[in-house]
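**Q** First the structure, which I've put down as structure tokens, then a few questions once you've had a look.
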Amino acid sequence: MTAAVRAVGKTEAMQPGWTFPLSLERYDQRGELTDAEHRALRELGPKALRRNRARGIPRRTATHWTALARLVEPLDTARAGLHHGDDTRFRRAGAHAAAIILQNCVDTSRSYWAWTTEDWAQLCGSSAEAFVAARELPTETTVRPFLLALAYLLGGFDDFQLLGTFNRLHLARFVFGAGIVEESMRQASAVLDQWGYRGAASGKHRLRGVFSQALLINRSPRLEDLDTAAFERLRAHPATGDHHGEMLYALQRAVAALGHCDPPVRTGHHHAPGIEGTATAWAGWVERWHDTSTLTPRVRAAVRTIMAKAGRWLVAEHPEITEPGQWTRQTCAAWVAAVDRMNVGDYVQRRDHLHTRAGTPISPRTKAHNLMATRTFFRDCQEWEWIGRRFDPARALAVPRSVSALIGTNPRVIADEVWAKLLWAGLNLDQDHLPGNSADTYYPMELIRAITLTWLFSGLRSDELSRLRIGCVRWQHNGQPIAADSPDVLAEDAVCLLDVPVHKTGTAFTKPVDPLLGQAIEAWQALRPPQPTTLDRKTSEQVDMLFAVRAHPVAKNYINRTIIPALCAKAGVPSSDVRGNITSHRARSTIATQLYNAKEPMTLFELQAWLGHRTPTATQHYAKISPNTLSKAYTEAGYFARNVRTIEVLLDRDAVTSGAAAAGQPWQHYDLGHGWCSYSFFEQCQHRMACARCDFYTPKDSSKAQLLEASGNLQRMLASIPLTDDERAAVDDGHTAVTALLDRLTDVPTPAGPTPRELGTPATVTLLPIVQVRPGKP
């Protein structure tokens, strides 16, 4: 399609509110040159055109200029309609541009009505430097804008992406007039400035260029003419590249706020590429499931990827199976075995992102995910009655015990010393520490500080954090709410409550947080520009997002891509450790673990409520008992002291040195509290806690015991005595266990031989003291 035809079509489709004072329909737009035009251009010759180019087109009194009237008159009319003032330099530049167009008619042997987009782009040059270099004589800098304007008006040229970088705002003013362009831009800028766009000069400069280009492509300077259909055409236009998409989105938001079009709709996730390497029928089944499932887009995409992998496995191992209905229990068993032996990179569609991981065995958790996705796919196909029930997916595709045994809770906790440095960096963060930021930051520093402290103190998921709403912070004191203007709102004993929106696994809930977090959020709320409501995709509600500026919420990955690298750089810590990269989600595990191991720790159920989990099992994936806490609990449990007791022992050194001990005289005496036992194998005696007053026993109130204690050559020692179950019960459980122990030992012989029943004396209970084992002093 020629440029002239495109121009006519655009003229017919233009809005009736504004038209350019140039009607192309009244001109002869034939692409072929007539014989007279051929002869006139040939007689003038390229040299004459170039010679007169500096002064413009020569006077039209000659016959050959009359023959070129259909080419010259549109050029004169278009030049006269441009808004360039009466400056002689501009008039000379316009005549120079027209001469260049006529000379190109000589070179191409065609009128400019037949030129294509590529012809106009080549004539205008891919850049200002290329345009000057293509001319044999020095060219004024104002000639190229004139040439672009004439190409736009006469040739319908708007493929601005072919021209490199140039001033689109200047071209829009040139074509439409500065007054009407500035008025339209003022209306849109008033809305955008209210939303916070005035904070970034570079972004505002880009917005003016995108706005000017939108007016040019829409062929109208009126803001009212930018309707919904116009924005759809702008997005489809090749001049609207990826780097203009965000600005065009902001422009449509502003125009929609003024009531001229519908608000823009974000497309969300990019469409995944088609499934390759599988049977056509299998790919169709997978796509059908993907289009029917009600799971979240991310989960559906993961299941789709895994089932595409299963389809490639079928092509390699079972090519006769092309549909889910052909699977049997034997097929399921073969797939489970294949997953168990699968390596990274097996049966994938793309391998460029695998790098050095290709060929290594996949992790047990990945194996479980692959089988879970397969179960989900076949369960849905059976429930929706797409296929028959030939097997139970829950049993036929269960995770093998050998795999599930390797999967456990392992929170990726950040080391305490690293986390402390990150906290310090977050509390002292300023704009100089943010990569790529200058005094004119893209986001206000109050917003950045609020996001940073929320990440450091709230323990929220990134999705929950990005979806916080205005007014999510409340204050309480002694259970009573504190008004926002109360002077006691920042009192040390005030409690800050954070309202968390509907999240991954549950409904909205409220949790206490550090007052520093509440102060940072309130500081940002006080400066936050008014923003249009935003659709919460989780709840399908139009809400006021807390972290939003320039009519758009802050992205979920802003913490991972900007905040965390800045904190690591300021704190002087690496952005990764032995557990992987420091990410936003690892803060959740770190905070949960610290609360679980605090001096006054949260219980598992309290921590479950604080994290917003449905079950304590989910909380165990985040909270990990530290070695210090475990050691303290083990010590306080007294495992050794509970099973081993110590008792004081007297060693009669006189009896040892005199040889009396060898003759059988007692020399080792165990302190029972109420007496002494001289039985050498006391730790093996069954009556050691219920002494039956056998021959080895010496009461402390006897004269023999008094003489023993008065001896000056005694050495005191402590002996560790292991306790039986009955003895431990007697120590721990009291009178009932003691009575049961005495009854059981009634007919048990004492070390001297007789039983307590034969001795006829009541047994005496010895409660061994609970002390630490240590050497005695002589």
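Chain labels run A, B, ... following the order of the structure tokens; each chain numbers its residues from 1, and ligands are numbered from 1 in the order shown.
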With a distance cut-off of 12 Å and only C-alpha atoms, select the neighbouring residues of Glu417 (chain A), excluding the residue or stretch itself and same-chain residues fewer than 4 positions from it, and output the selection as a JSON list (two decimals) with N, CA and C atoms, in the first residue's frame.

**A**
[["chain", "number", "residue", "atom", "x", "y", "z"],
["A", 413, "VAL", "N", 16.97, -19.34, 56.75],
["A", 413, "VAL", "CA", 17.12, -18.23, 57.69],
["A", 413, "VAL", "C", 18.42, -17.49, 57.39],
["A", 421, "LYS", "N", 22.94, -6.36, 60.44],
["A", 421, "LYS", "CA", 23.52, -5.32, 59.58],
["A", 421, "LYS", "C", 22.49, -4.81, 58.58],
["A", 422, "LEU", "N", 21.65, -5.70, 58.07],
["A", 422, "LEU", "CA", 20.61, -5.26, 57.14],
["A", 422, "LEU", "C", 19.59, -4.36, 57.85],
["A", 423, "LEU", "N", 19.27, -4.66, 59.10],
["A", 423, "LEU", "CA", 18.37, -3.80, 59.86],
["A", 423, "LEU", "C", 18.98, -2.42, 60.05],
["A", 424, "TRP", "N", 20.27, -2.39, 60.38],
["A", 424, "TRP", "CA", 20.93, -1.09, 60.55],
["A", 424, "TRP", "C", 20.92, -0.31, 59.23],
["A", 571, "ALA", "N", 25.34, -2.19, 53.97],
["A", 571, "ALA", "CA", 25.76, -2.96, 55.15],
["A", 571, "ALA", "C", 27.09, -3.67, 54.95],
["A", 572, "GLY", "N", 27.57, -3.74, 53.70],
["A", 572, "GLY", "CA", 28.84, -4.42, 53.44],
["A", 572, "GLY", "C", 28.74, -5.92, 53.57],
["A", 573, "VAL", "N", 27.60, -6.50, 53.21],
["A", 573, "VAL", "CA", 27.42, -7.95, 53.26],
["A", 573, "VAL", "C", 27.12, -8.45, 51.86],
["A", 590, "THR", "N", 13.38, -15.57, 58.58],
["A", 590, "THR", "CA", 14.30, -15.03, 59.59],
["A", 590, "THR", "C", 13.55, -14.42, 60.76]]

**Q** Quick one: residues within 7 Å of Ala520 (chain A), only C-alpha atoms counted, chain neighbours fewer than 4 positions away excluded, as a VMD selection string?

**A** chain A and resid 449 to 450 516 524

**Q** Determine, counting only C-alpha atoms, which protein, DNA and RNA residues have an atom within 8 Å of an atom of region 506-511 of chain A; residues of the same chain fewer than 4 positions away are not included. Present the result as a PyMOL selection string.

**A** chain A and resi 497-502+610+612-614

**Q** I need the residues from that last selection saved to file as a JSON list (two decimals), in the first residue's frame (with N, CA and C atoms), if you can.

**A**
[["chain", "number", "residue", "atom", "x", "y", "z"],
["A", 497, "LEU", "N", -0.75, -1.87, 65.10],
["A", 497, "LEU", "CA", -1.41, -3.00, 64.45],
["A", 497, "LEU", "C", -1.41, -2.79, 62.94],
["A", 498, "LEU", "N", -1.11, -3.85, 62.22],
["A", 498, "LEU", "CA", -1.04, -3.81, 60.76],
["A", 498, "LEU", "C", -2.12, -4.71, 60.19],
["A", 499, "ASP", "N", -2.97, -4.17, 59.34],
["A", 499, "ASP", "CA", -4.03, -4.94, 58.68],
["A", 499, "ASP", "C", -3.48, -5.54, 57.39],
["A", 500, "VAL", "N", -3.42, -6.86, 57.34],
["A", 500, "VAL", "CA", -2.89, -7.59, 56.19],
["A", 500, "VAL", "C", -4.07, -8.02, 55.31],
["A", 501, "PRO", "N", -4.01, -7.76, 54.00],
["A", 501, "PRO", "CA", -5.15, -8.12, 53.13],
["A", 501, "PRO", "C", -5.24, -9.62, 52.91],
["A", 502, "VAL", "N", -6.26, -10.03, 52.20],
["A", 502, "VAL", "CA", -6.42, -11.43, 51.81],
["A", 502, "VAL", "C", -5.14, -11.89, 51.13],
["A", 610, "TRP", "N", 0.45, -14.99, 63.88],
["A", 610, "TRP", "CA", 1.18, -13.78, 63.45],
["A", 610, "TRP", "C", 1.55, -13.86, 61.98],
["A", 612, "GLY", "N", -0.15, -15.66, 59.77],
["A", 612, "GLY", "CA", -1.35, -15.81, 58.97],
["A", 612, "GLY", "C", -1.50, -17.17, 58.33],
["A", 613, "HIS", "N", -0.92, -18.22, 58.95],
["A", 613, "HIS", "CA", -1.02, -19.57, 58.40],
["A", 613, "HIS", "C", -2.31, -20.23, 58.85],
["A", 614, "ARG", "N", -2.76, -21.17, 58.06],
["A", 614, "ARG", "CA", -3.96, -21.93, 58.42],
["A", 614, "ARG", "C", -3.65, -23.03, 59.42]]

**Q** Output as a ChimeraX atom specification all residues of region 423-480 of chain A that backbone DSSP marks as helix (DSSP H, G or I).

**A** /A:423-427,431-433,445-458,462-466

**Q** I want to know what sits within 7 Å of region 118-129 of chain A, based on only C-alpha atoms, with residues of the same chain fewer than 4 positions away left out; could you give that as a ChimeraX atom specification?

**A** /A:133,144,147-148,151,162-165

**Q** Limited to all heavy atoms, could you put the picked residues into a file as a short mmCIF file (atom, residue, chain, number, x, y, z; two decimals), in the first residue's frame?

**A**
data_model
loop_
_atom_site.label_atom_id
_atom_site.label_comp_id
_atom_site.auth_asym_id
_atom_site.auth_seq_id
_atom_site.Cartn_x
_atom_site.Cartn_y
_atom_site.Cartn_z
N ALA A 133 24.96 13.99 6.35
CA ALA A 133 26.02 13.31 5.60
C ALA A 133 25.58 12.93 4.20
O ALA A 133 26.41 12.83 3.28
CB ALA A 133 26.47 12.07 6.37
N ARG A 144 15.62 19.34 8.12
CA ARG A 144 15.08 17.99 8.37
C ARG A 144 13.70 18.05 9.04
O ARG A 144 12.80 17.30 8.64
CB ARG A 144 16.05 17.18 9.22
CG ARG A 144 15.65 15.70 9.34
CD ARG A 144 16.74 14.91 10.04
NE ARG A 144 16.47 13.49 10.01
CZ ARG A 144 16.21 12.76 11.10
NH1 ARG A 144 16.18 13.33 12.30
NH2 ARG A 144 15.98 11.46 11.00
N LEU A 147 11.29 18.73 6.35
CA LEU A 147 11.13 17.56 5.50
C LEU A 147 10.25 16.51 6.17
O LEU A 147 9.40 15.89 5.53
CB LEU A 147 12.51 16.98 5.18
CG LEU A 147 12.57 15.91 4.09
CD1 LEU A 147 12.01 16.44 2.78
CD2 LEU A 147 14.01 15.43 3.90
N LEU A 148 10.41 16.32 7.50
CA LEU A 148 9.56 15.37 8.23
C LEU A 148 8.11 15.83 8.21
O LEU A 148 7.19 15.02 8.05
CB LEU A 148 10.05 15.25 9.68
CG LEU A 148 11.42 14.61 9.92
CD1 LEU A 148 11.73 14.59 11.40
CD2 LEU A 148 11.48 13.22 9.34
N ALA A 151 6.69 15.16 4.77
CA ALA A 151 6.45 13.72 4.61
C ALA A 151 5.22 13.29 5.39
O ALA A 151 4.43 12.44 4.93
CB ALA A 151 7.68 12.96 5.09
N LEU A 162 11.72 4.63 12.35
CA LEU A 162 12.76 4.51 11.32
C LEU A 162 13.68 5.72 11.28
O LEU A 162 14.66 5.71 10.53
CB LEU A 162 12.11 4.32 9.94
CG LEU A 162 11.17 3.13 9.78
CD1 LEU A 162 10.55 3.14 8.38
CD2 LEU A 162 11.90 1.83 10.03
N LEU A 163 13.39 6.74 12.08
CA LEU A 163 14.12 8.00 11.98
C LEU A 163 15.09 8.22 13.12
O LEU A 163 15.72 9.28 13.19
CB LEU A 163 13.13 9.18 11.94
CG LEU A 163 12.08 9.13 10.83
CD1 LEU A 163 11.18 10.34 10.92
CD2 LEU A 163 12.74 9.03 9.47
N GLY A 164 15.21 7.27 14.03
CA GLY A 164 16.11 7.46 15.16
C GLY A 164 15.54 8.44 16.16
O GLY A 164 14.33 8.66 16.25
N THR A 165 16.43 9.09 16.91
CA THR A 165 16.01 10.04 17.93
C THR A 165 15.83 11.42 17.31
O THR A 165 16.74 11.94 16.66
CB THR A 165 17.05 10.11 19.06
OG1 THR A 165 17.22 8.80 19.62
CG2 THR A 165 16.61 11.06 20.15
#

**Q** Check region 551-640 of chain A with DSSP on the backbone and list each residue it calls strand (DSSP E or B), as a ChimeraX atom specification.

**A** /A:552-553,576-577,580-581

**Q** Take CA of Val649 (chain A) and CA of Asp747 (chain A) and report the distance between them in Å, one decimal.

**A**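 CA of Val649 (chain A) sits 27.6 Å away from CA of Asp747 (chain A).
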
**Q** To one decimal place in Å, what is the distance between CA of Thr360 (chain A) and CA of Asp340 (chain A)?

**A**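 Atom-to-atom, CA of Thr360 (chain A) and CA of Asp340 (chain A) are spaced 12.6 Å apart.
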
**Q** Leaving out Asp544 (chain A) and any residue of its chain fewer than 6 positions from it, which residues lie within 8 Å of it when counting only C-alpha atoms, given as a PyMOL selection string?

**A** chain A and resi 469-470+531-534

**Q** Env of Gln349 (chain A): 12 Å cut, atoms = only C-alpha atoms, seq-sep filter 5 positions within chain, self excluded. Answer as a ChimeraX atom specification.

**A** /A:272-278,305-313,354

**Q** Which residues are near Thr141 (chain A)? Cut-off 12 Å, only C-alpha atoms, ignore same chain within fewer than 5 positions. Put them as a list in words.

**A**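 In the requested form, the answer reads Arg89, Phe90, Arg92, Ala93, Gly94, His96, Ala97, Ser127, Ala128, Glu129, Phe131, Val132, Phe146, Leu147 and Phe166 of chain A.
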